[in-house]
Amino acid sequence: MTRTPGPIHSLALFVVTGSLALAAACGGSAPPPSQPAGGEPPHVQAASSAPSATTSATGDTVDVLLCDGKTKTTVPKGTPGTSIAGALMAEWIRKNPDAHWEGAERERHTLVPAADNKDLVGQVNGQTYGLITADDVLLWKTETERVALAGSEVFHNGDKLGSTVGVSCDMCHPHAANTHPETYPKFQAQLGRVALLRDMINWCIEHPVRGTPFAADDPRMRALESYILAQRKGKTLEYGKH
Amino acid sequence: MSHEKPKKLLGVKSIETRHYEEREELFRALKSLDRRAFVKVSAAAFGAAAGSGLLPPHSFSTVSIAHAAEPPKPAVAPGGAKPAAATKEKFTFAYISDSHLYEKKLNDRFVNQLLRAVDDVNALTPQPDFVLYGGDLAQLGHPSELSLGAQILKNVKAPLRMMVGEHDWYLDLGEKWRSLFGEPTYSFDHKGVHFVTLNSVVEADFWTKRGLTPAQRMGTVAGLDNGVQSSFTVGKEQRDWLKKDLDQVPAATPLVVFSHSPLYKLYKPWNFWTDDAEEVQALLKKFKQVVVIHGHTHQLLTNRIGNIHFHGMLSTAWPWPYAPEGLPGLTVQMGRPDPFNPHDGLGDGTVTVSPDGLADKLYNLWNRNPVTVSGAYLKSAGKADVPTAPKLKSY
C-alpha cells in the first residue's frame, strides 16, 4: 500500500458569489513534507475571484461545498471567507485524519534526509529547458523522502507488514540499525546462497514476523528498501561483506 | 524442566539434545570430584573453555556458583586482621528480564522463551537467594499480558523481586502491574547488602496535549525509536524517597540498585538513557561500592562511573543492536546475534555479590558460551580479568 499525496493537493474551494463576494482556494499549496504538519490544516488562500460556484442559499444562511464535492458547511450570510475556508478545511481534516501522515511519521521516526542537490540550482545541462530550479530539487527530495517515509510506516507497523504474531521490523532494528543494506548482495551462509537485501527482508517477514513474503515489486517492498537504504546514508557500499 | 525431549532426526542431535547430554555428563563428572577438585575443574576448565570458545554452551552457571562457595582469595596478609566485610558471605541472585509477552494465542514464542528462563533459574544448584525480574514483562501493558507473566513467574522457586519497565506501565499507568506486584519502588537488605529497586521509566506527559488514547500512549512508548515520547526519568518524588532511604544506610554498606533503564546517559533516541541520571548518581556517591543492574538494553553492556558499576541484563524476547554512539569503553560486545537462531543473543543470568560489594555479572547466553563480567574487571578499569571479546563486531 503505497502512500499517495492526500487530496489536499487538488482541492479547490468553491464559494457562493453574489452578495457575499468571497472566494477561497485551497489547491496547490500542500505543506512541504519537510515540516511536521502537526494537525495544521492546509494553507487556504483567499482569491480575488471564484472559478465557479456551488451555491445553495436558503434564507439567511448559505451552504458552501468544498471541491471534493462532499465536505459541506452552512454559514450565515456575510461570514468572512477565511472563516468559511477554515471551517471547511477543519471538517475535511476531521474526515481525513491520515492526511498529514508524512509529518506524523517524521515526528515519530527520524528519517535521514535525502540529498538536497541544492548545488545544482541554476545549473543547466545543455538542454533548452534544462535549467534546474529550487522547486526542482525540492520536488526530488520531497518525493524521494516520501517513499522512504512510507517504508518507515511499514517498518514500524506489524499490521502493515502482515505479521500474525505482533512483530514489526523496528523491534529488532530500531532506526533500521543492524540491517546493513550496504553489504548486499552477499553469500548468506545460513541460506547457502547469495541474497539481496529484499531476500533478507522477506526472510524476516516470513520467519520472525510470520507474515507472507512481499513480491519484489510490491509497493511495501519498494518502500521498505527505500527506508532501510535511507537510514544507512553515507555508508560505504561493500557488497559481499560479512 | 518443561523442555520436551527433542526428537532425533536422522541420527543428528539437535543443539538442545547435545546441550542436555553435555550437562548431564558434566554433573555426573562433578559429583565424583571432591570439593577442592570441583572448584579447580569448574573454574579452570569452564573459564578457559568459555574464554576460548571451545566448549558448546551450557545454560548453567556453575562457574559463578562454584566460586561463590569458595572463601574469598587470601586478601588478608598473614597475621593481619580480617576486614569486617570478610565475615559476611558471598551470595548469588539470578535475573530474568525483558520478556515482552503478548497473549499466548497471539505470540507463543515470547511465552516459551520466558518459560525457558524460568527453567534455567529453577535448575540452578544451589538455588539463588532470589530472582530479579528486570521489567518489560508485557509488550503492550495489557492486563492479560501482565497476568500471563505473573502466572509464569509463580513457577520460580526462589523468592521473586519485581521491577517495572515502560512496556508494563503506559497502558494504565501501572494500575494492573501494582495490583499484581505491589509498589515498583522499594528497598531491602540482604546479607549485609542494601538493595534498592526504582521505577526509572517515568516519562513527562506527552499524551494529553496530543489527545492520545491509553493504547496509543502505550504504542508510542513501546516503539524504541519512537521520537514522540519523552525521556525516561526517576523523577523528583523517587529521588526524594531514595535520599531518605539511603540516609539511613552507612556509606560502607555495599549498595545494589535495580533500574529498568541504565542509570546513565548512553543514547537518547532509544531511551538507553535516564534524564536525571546525574542527580541519581549524586545520591549514590557517598557509598564505597555501588552496583546498578538494569534492563531495557537487551545486550551485554558494562559501564563504570566512579564508584558505580553498571551491568545490563539479557532479554528473553529479542536482542537490541548496540547504539550507534556512546557505547561505554568497558563494554565487551556480545557480537551480532544470528537472526536464523531465534534464541541467539538472548538468555538470563546471575549476579554474585562479594562482601566488598563487587559483583560478578554472569550473562547466560542461550546459544553461546556464558560470559562473566567480573567486579575485578570493572574495579581495574578494564585491565584485569578481561572477558573475551567476539571476533565479529556489530555493523
# chains A, B, ... in the order shown; residues from 1 in each chain; ligands from 1

$ closest_atom_pairs --of "chain B" --to "chain A" --cutoff "9 Å" --atoms "only C-alpha atoms" --output "JSON lines"
{"residue": "B:Tyr102", "atom": "CA", "partner": "A:Gly166", "partner_atom": "CA", "distance": 7.9}
{"residue": "B:Lys105", "atom": "CA", "partner": "A:Val165", "partner_atom": "CA", "distance": 8.8}
{"residue": "B:Leu106", "atom": "CA", "partner": "A:Val165", "partner_atom": "CA", "distance": 5.3}
{"residue": "B:Asn107", "atom": "CA", "partner": "A:Val165", "partner_atom": "CA", "distance": 4.9}
{"residue": "B:Asp108", "atom": "CA", "partner": "A:Val165", "partner_atom": "CA", "distance": 8.3}
{"residue": "B:Arg109", "atom": "CA", "partner": "A:Val165", "partner_atom": "CA", "distance": 8.8}
{"residue": "B:Thr220", "atom": "CA", "partner": "A:Arg108", "partner_atom": "CA", "distance": 8.2}
{"residue": "B:Gly223", "atom": "CA", "partner": "A:Met171", "partner_atom": "CA", "distance": 7.5}
{"residue": "B:Leu224", "atom": "CA", "partner": "A:Pro174", "partner_atom": "CA", "distance": 6.4}
{"residue": "B:Asp225", "atom": "CA", "partner": "A:Pro174", "partner_atom": "CA", "distance": 5.4}
{"residue": "B:Asn226", "atom": "CA", "partner": "A:Arg108", "partner_atom": "CA", "distance": 4.9}
{"residue": "B:Gly227", "atom": "CA", "partner": "A:Arg108", "partner_atom": "CA", "distance": 4.8}
{"residue": "B:Val228", "atom": "CA", "partner": "A:Arg108", "partner_atom": "CA", "distance": 5.3}
{"residue": "B:Gln229", "atom": "CA", "partner": "A:Arg108", "partner_atom": "CA", "distance": 8.5}
{"residue": "B:Trp270", "atom": "CA", "partner": "A:Pro174", "partner_atom": "CA", "distance": 7.8}
{"residue": "B:Trp318", "atom": "CA", "partner": "A:Cys172", "partner_atom": "CA", "distance": 6.6}
{"residue": "B:Pro319", "atom": "CA", "partner": "A:Cys172", "partner_atom": "CA", "distance": 6.6}
{"residue": "B:Trp320", "atom": "CA", "partner": "A:Cys172", "partner_atom": "CA", "distance": 5.7}
{"residue": "B:Pro321", "atom": "CA", "partner": "A:Asn178", "partner_atom": "CA", "distance": 6.3}
{"residue": "B:Tyr322", "atom": "CA", "partner": "A:Ala177", "partner_atom": "CA", "distance": 8.4}
{"residue": "B:Ala323", "atom": "CA", "partner": "A:Ala177", "partner_atom": "CA", "distance": 8.3}
{"residue": "B:Pro324", "atom": "CA", "partner": "A:Ala177", "partner_atom": "CA", "distance": 8.1}
{"residue": "B:Arg336", "atom": "CA", "partner": "A:Asn178", "partner_atom": "CA", "distance": 8.6}
{"residue": "B:Pro339", "atom": "CA", "partner": "A:Cys204", "partner_atom": "CA", "distance": 8.3}
{"residue": "B:Phe340", "atom": "CA", "partner": "A:Gln190", "partner_atom": "CA", "distance": 7.1}
{"residue": "B:Pro342", "atom": "CA", "partner": "A:Pro208", "partner_atom": "CA", "distance": 7.8}
{"residue": "B:Leu392", "atom": "CA", "partner": "A:His242", "partner_atom": "CA", "distance": 8.6}
{"residue": "B:Ser394", "atom": "CA", "partner": "A:Asn178", "partner_atom": "CA", "distance": 7.3}
{"residue": "B:Tyr395", "atom": "CA", "partner": "A:Asn178", "partner_atom": "CA", "distance": 6.0}

$ select_by_dssp --residues "stretch 116-285 of chain B" --states "alpha helix (DSSP H)" --output "ChimeraX atom specification"
/B:116-122,143-153,166-169,175-181,214-222,235-247,277-284

$ residues_around --residues "stretch 174-177 of chain B" --least-positions-apart "6" --cutoff "9 Å" --atoms "only C-alpha atoms" --output "ChimeraX atom specification"
/B:141-143,146-147,164,168,183-184

$ atom_distance --atom1 "atom CA of B:Gly347" --atom2 "atom CA of B:Ala117"
6.8 Å

$ select_by_dssp --residues "stretch 46-141 of chain A" --states "strand (DSSP E or B)" --output "number ranges by chain"
A: 46, 55-58, 61-66, 72-76

$ write_last_selection --atoms "N, CA and C atoms" --output "compact mmCIF listing (two decimals), in the first residue's frame"
# COMPACT_ATOMS: atom_id res chain seq x y z
N ALA A 46 -6.99 33.18 0.08
CA ALA A 46 -8.14 33.95 -0.42
C ALA A 46 -7.85 34.34 -1.87
N THR A 55 -23.63 26.72 -5.29
CA THR A 55 -24.47 27.59 -4.49
C THR A 55 -25.70 26.88 -3.95
N SER A 56 -26.00 27.17 -2.76
CA SER A 56 -27.24 26.67 -2.20
C SER A 56 -27.61 27.58 -1.05
N ALA A 57 -28.27 28.66 -1.40
CA ALA A 57 -28.60 29.64 -0.39
C ALA A 57 -30.07 29.54 -0.01
N THR A 58 -30.32 29.46 1.28
CA THR A 58 -31.71 29.47 1.73
C THR A 58 -31.81 30.48 2.87
N THR A 61 -28.91 31.82 5.50
CA THR A 61 -27.70 31.01 5.51
C THR A 61 -27.34 30.58 4.11
N VAL A 62 -26.10 30.12 4.00
CA VAL A 62 -25.64 29.66 2.71
C VAL A 62 -24.80 28.41 2.92
N ASP A 63 -25.00 27.43 2.04
CA ASP A 63 -24.19 26.21 2.10
C ASP A 63 -22.99 26.36 1.19
N VAL A 64 -21.85 26.01 1.70
CA VAL A 64 -20.64 26.07 0.87
C VAL A 64 -20.05 24.67 0.78
N LEU A 65 -19.76 24.30 -0.47
CA LEU A 65 -19.28 22.94 -0.72
C LEU A 65 -17.80 22.98 -1.11
N LEU A 66 -17.01 22.11 -0.50
CA LEU A 66 -15.60 22.01 -0.86
C LEU A 66 -15.48 21.28 -2.18
N LYS A 72 -19.17 19.86 3.36
CA LYS A 72 -20.08 20.99 3.25
C LYS A 72 -20.15 21.73 4.58
N THR A 73 -20.31 23.03 4.52
CA THR A 73 -20.57 23.78 5.74
C THR A 73 -21.69 24.77 5.49
N THR A 74 -22.45 25.05 6.52
CA THR A 74 -23.54 26.02 6.39
C THR A 74 -23.23 27.22 7.27
N VAL A 75 -23.18 28.39 6.67
CA VAL A 75 -22.81 29.59 7.43
C VAL A 75 -23.81 30.71 7.18
N PRO A 76 -23.90 31.64 8.12
CA PRO A 76 -24.76 32.80 7.88
C PRO A 76 -24.18 33.65 6.76

$ atom_distance --atom1 "atom CA of A:Met200" --atom2 "atom CA of B:Leu300"
25.5 Å

$ closest_residue --among "B:His311, B:Lys243, B:Lys236, B:Arg210" --to "B:Asp275" --atoms "only C-alpha atoms"
B:Lys236

$ residues_around --residues "A:Ile201" --least-positions-apart "5" --cutoff "10 Å" --atoms "only C-alpha atoms" --output "ChimeraX atom specification"
/A:169,179,196,206,213-214,221,224-225,228

$ atom_distance --atom1 "atom CA of B:Leu358" --atom2 "atom CA of B:Phe272"
23.7 Å

$ residues_around --residues "B:Phe93" --least-positions-apart "4" --cutoff "9 Å" --atoms "only C-alpha atoms" --output "list in words"
Gln127, Pro128, Asp129, Phe130, Val131, Leu132, Gly349, Thr350, Val351, Thr352 and Val353 of chain B

$ write_last_selection --atoms "C-alpha atoms" --output "PDB file, in the first residue's frame"
ATOM      1  CA  GLN B 127      19.407 -22.058  44.228  1.00  0.00           C
ATOM      2  CA  PRO B 128      19.975 -18.302  44.007  1.00  0.00           C
ATOM      3  CA  ASP B 129      18.989 -16.298  47.081  1.00  0.00           C
ATOM      4  CA  PHE B 130      16.342 -14.593  44.986  1.00  0.00           C
ATOM      5  CA  VAL B 131      15.413 -13.894  41.363  1.00  0.00           C
ATOM      6  CA  LEU B 132      15.155 -10.360  39.991  1.00  0.00           C
ATOM      7  CA  GLY B 349      21.937 -14.914  34.218  1.00  0.00           C
ATOM      8  CA  THR B 350      23.204 -14.431  37.708  1.00  0.00           C
ATOM      9  CA  VAL B 351      24.905 -11.804  39.841  1.00  0.00           C
ATOM     10  CA  THR B 352      27.279 -12.846  42.585  1.00  0.00           C
ATOM     11  CA  VAL B 353      27.843 -10.160  45.182  1.00  0.00           C
TER      12      VAL B 353
END
